[in-house]
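Q: I have a structure here, written as structure tokens, and I will follow up with some questions on it.
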Amino acid sequence: MMTEWKIGNEVVADGFSPADHNETAVQGIHAENLLIVVDEAGGISNTIGQALEALMTGDHTRLLVLGNPPTDNLGSWFERICNNPLFNVIPISAYDTPNFTGEKVGPWRRNLVDQRWVDEVTLAFGSDSPFVQARVFARFPRSSASGVIPIDWVEQAQQNEMPPAAIRLGVDVAAEGGDEFVVAQMNGMTGSIVHTSRENSSPVEVAGRVLEAIQKAQKYHDDNQIYTQIRVKVDAIGVGWGIAGLLDEWGKEGRHKAKIVAVNVAQSAYDRERFSNQKAEMWWTARELLQPDENGEQQIALDIDRVTASQLAAPSYRSNASGRLQIEGKEEMKKRGIGSPDRAEALLLAMFEPPQTEIPDVAPLSITKTNGWTV
């Protein structure tokens, strides 16, 4: 698709977005004075990049290239031209922008990166990570971590819009100091966070927060004549099992109509040939939903803050000795200076659809001490 800009009847500029391998789309462009402006250069393929360079034949032709260094594509066309001495390269790090230099920019200041953003992404990814090197320091990463979900996919999904539909909830229960208790929801194929807190409340208070989210979702279903049963996936490791049991009991008492599904992500995956456990299966399910298809379209939209976005892109993956996919654990992430991805995992639980797991009767009413909880 091409857009023309005119002054009077004279065409002065063309704008287009060619497919990655359609070099013919940029051939045959000639003018006595030609300025070629390339935006989002980190995503330009070698095929298109080389075709653009081929237009640089006249004395009055110039190429202006703008973009962030890609975080997962070493040796990209953008990196190659930035290392070419024929180009004048002007790197602009986060620290060169007005919120750090003090330059006056008016009301747009709030839309620019600031120290809080830098601190958040450094905590989420680690100071040596490809993302921080590229987005904070404007450097081309020298290594490419095997991230489960590329940040570019997350950012693209934040621009998507999907029609509303049945609601599913995901609950990640805080079990250690510093972790968050998070409730996330999928409204159709749009994911969001509906509750976060850090206080170490009692299991009844935590279950009560989840009940509020269930009742709000049920009202939405009733108002919109949606008859699908709400499914609530609860991380059942540790104290989460008791929360799931209490919510299940409240359902039997008629306090809600939702189906409570306890998910133990440490257990064997349902697809045991591909994944080491349910955690890997859950993360890979999200990856497949977010991965753009051949037309660049995604199956999902994300209405999330930058903390959640950073957490989604933080963990890496590898194959274990059996060839099954394995997701980086929280302890491994902690060694890299990365916090627990609680918001991301609540959101992934909302997306994930495991079979129903049996929940013991009134599990949270026994008295046990677990990580500071009385359950």
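Labels for the structure tokens follow display order: chains A, B, ..., residues from 1 in each chain, ligands from 1.
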Pick out the residues sitting within 9 Å of Ser310 in chain A, and hand them over as number ranges by chain; count only C-alpha atoms, and ignore anything fewer than 2 positions along from it in its own chain.
A: A: 120-121, 124-125, 151, 154, 305-308, 312-314, 341, 344
Q: Leaving out Thr190 in chain A and any residue of its chain fewer than 6 positions from it, which residues lie within 9 Å of it when counting only C-alpha atoms, given as a ChimeraX atom specification?
A: /A:160-164,300-303
Q: Would you pick out the contacts of Arg80 in chain A at 12 Å or less, using only C-alpha atoms, so that residues sharing its chain but fewer than 3 positions from it are not included, and give the list as a list in words?
A: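 Final neighbour list, sorted by chain and number: Ala41, Gly42, Ile44, Ser45, Asn46, Gly49, Gln50, Glu53, Pro69, Pro70, Asn73, Leu74, Gly75, Ser76, Trp77, Asn83, Asn84, Pro85, Leu86, Phe87, Val89 and Phe140 of chain A.
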Q: Please run DSSP on the backbone and report, as a list in words, all residues within range 29-188 of chain A that come out as strand (DSSP E or B).
A: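 Selection result, strand (DSSP E or B) within range 29-188 of chain A: Leu34, Leu35, Ile36, Val37, Val38, Thr61, Arg62, Leu63, Leu64, Val65, Gly147, Ile167, Arg168, Leu169, Gly170, Val171, Asp172, Phe181, Val182, Val183, Ala184, Gln185, Met186 and Asn187 of chain A.
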Q: Using the selection just defined, write its residues with C-alpha atoms as a compact mmCIF listing (two decimals), in the first residue's frame.
A:
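Written out: part33.txt:
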```
# COMPACT_ATOMS: atom_id res chain seq x y z
CA LEU A 34 15.87 12.18 -3.32
CA LEU A 35 15.58 11.80 0.46
CA ILE A 36 14.84 8.26 1.67
CA VAL A 37 13.56 8.11 5.27
CA VAL A 38 13.43 4.68 6.94
CA THR A 61 20.41 11.25 -2.78
CA ARG A 62 20.45 10.85 0.99
CA LEU A 63 19.32 8.01 3.31
CA LEU A 64 18.02 8.82 6.82
CA VAL A 65 17.56 5.73 9.00
CA GLY A 147 13.65 -15.04 25.32
CA ILE A 167 -14.07 -13.66 30.67
CA ARG A 168 -11.42 -15.99 32.10
CA LEU A 169 -9.37 -15.18 35.20
CA GLY A 170 -5.84 -16.06 36.30
CA VAL A 171 -4.58 -15.80 39.89
CA ASP A 172 -0.95 -15.75 41.03
CA PHE A 181 -0.68 -11.21 44.55
CA VAL A 182 -2.15 -10.66 41.08
CA VAL A 183 -5.51 -11.26 39.42
CA ALA A 184 -5.52 -11.06 35.62
CA GLN A 185 -8.31 -11.52 33.10
CA MET A 186 -8.85 -12.39 29.48
CA ASN A 187 -11.93 -10.67 28.06
```
Q: With DSSP run on the backbone, what are the helix (DSSP H, G or I) residues within range 69-289 of chain A? I'd like them as an NGL selection string.
A: :A and (77-82 or 94-96 or 98-101 or 106-111 or 115-125 or 130-135 or 151-157 or 203-223 or 240-252 or 278-289)
Q: Would you write out those residues with C-alpha atoms, as a compact mmCIF listing (two decimals), in the first residue's frame?
A:
```txt
# COMPACT_ATOMS: atom_id res chain seq x y z
CA TRP A 77 20.76 -4.71 8.20
CA PHE A 78 20.37 -1.78 10.60
CA GLU A 79 23.43 -2.90 12.59
CA ARG A 80 25.47 -3.37 9.42
CA ILE A 81 24.86 0.13 8.09
CA CYS A 82 25.51 1.66 11.52
CA ALA A 94 17.78 7.21 27.31
CA TYR A 95 20.21 9.45 29.19
CA ASP A 96 20.41 11.83 26.20
CA PRO A 98 14.96 15.60 28.02
CA ASN A 99 13.90 13.88 31.26
CA PHE A 100 17.62 13.33 31.95
CA THR A 101 19.18 16.40 30.32
CA GLY A 106 6.52 21.09 27.09
CA PRO A 107 3.69 18.63 27.83
CA TRP A 108 5.33 15.84 25.76
CA ARG A 109 7.80 15.23 28.60
CA ARG A 110 5.44 12.73 30.25
CA ASN A 111 5.55 10.54 27.12
CA GLN A 115 14.47 7.24 35.42
CA ARG A 116 11.56 5.16 36.67
CA TRP A 117 11.24 3.42 33.28
CA VAL A 118 14.99 2.76 33.16
CA ASP A 119 14.90 1.29 36.69
CA GLU A 120 11.89 -0.90 35.83
CA VAL A 121 13.33 -2.41 32.66
CA THR A 122 16.74 -2.90 34.29
CA LEU A 123 15.08 -4.81 37.13
CA ALA A 124 12.91 -6.80 34.72
CA PHE A 125 15.63 -7.78 32.21
CA PRO A 130 19.91 -7.30 25.05
CA PHE A 131 16.76 -5.27 25.78
CA VAL A 132 18.46 -2.84 28.18
CA GLN A 133 21.53 -2.52 25.97
CA ALA A 134 19.32 -1.66 22.98
CA ARG A 135 16.51 0.40 24.51
CA ILE A 151 9.35 -7.63 23.60
CA ASP A 152 8.45 -6.49 20.06
CA TRP A 153 5.54 -8.97 20.03
CA VAL A 154 4.30 -7.66 23.38
CA GLU A 155 4.47 -4.05 22.21
CA GLN A 156 2.63 -4.93 19.01
CA ALA A 157 -0.13 -6.67 20.98
CA PRO A 203 -6.06 -16.67 52.67
CA VAL A 204 -9.67 -15.62 53.30
CA GLU A 205 -8.87 -12.01 52.34
CA VAL A 206 -7.02 -13.15 49.22
CA ALA A 207 -9.86 -15.46 48.21
CA GLY A 208 -12.25 -12.57 48.87
CA ARG A 209 -10.38 -10.38 46.38
CA VAL A 210 -10.66 -13.13 43.78
CA LEU A 211 -14.36 -13.53 44.58
CA GLU A 212 -14.87 -9.81 43.89
CA ALA A 213 -13.24 -10.25 40.47
CA ILE A 214 -15.43 -13.30 39.78
CA GLN A 215 -18.63 -11.46 40.74
CA LYS A 216 -17.68 -8.47 38.60
CA ALA A 217 -17.01 -10.77 35.65
CA GLN A 218 -20.31 -12.58 36.26
CA LYS A 219 -22.20 -9.28 36.20
CA TYR A 220 -20.50 -8.48 32.88
CA HIS A 221 -21.61 -11.87 31.54
CA ASP A 222 -25.17 -11.36 32.77
CA ASP A 223 -25.40 -7.83 31.36
CA GLY A 240 -2.44 -21.22 46.27
CA TRP A 241 -3.87 -24.72 46.66
CA GLY A 242 -5.74 -23.61 49.76
CA ILE A 243 -7.05 -20.49 48.00
CA ALA A 244 -8.35 -22.68 45.17
CA GLY A 245 -10.01 -24.98 47.70
CA LEU A 246 -11.75 -22.13 49.49
CA LEU A 247 -13.00 -20.61 46.22
CA ASP A 248 -14.25 -24.02 45.13
CA GLU A 249 -16.14 -24.42 48.42
CA TRP A 250 -17.70 -20.96 48.05
CA GLY A 251 -18.91 -22.02 44.62
CA LYS A 252 -20.65 -25.05 46.13
CA GLN A 278 3.09 -27.15 32.79
CA LYS A 279 5.01 -23.90 33.33
CA ALA A 280 6.81 -24.35 30.00
CA GLU A 281 3.54 -25.32 28.34
CA MET A 282 1.80 -22.24 29.74
CA TRP A 283 4.53 -19.82 28.60
CA TRP A 284 4.72 -21.41 25.16
CA THR A 285 0.93 -21.15 24.77
CA ALA A 286 1.27 -17.38 25.30
CA ARG A 287 4.17 -17.23 22.84
CA GLU A 288 2.10 -18.91 20.14
CA LEU A 289 -0.81 -16.52 20.74
```
Q: Name the closest residue to Val232 in chain A among the candidates A:Val261, A:Pro315, A:Asn33, A:Leu290; distances are taken between atoms, counting only C-alpha atoms.
A: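 Ranked by minimum distance to Val232 in chain A, first place goes to A:Val261.
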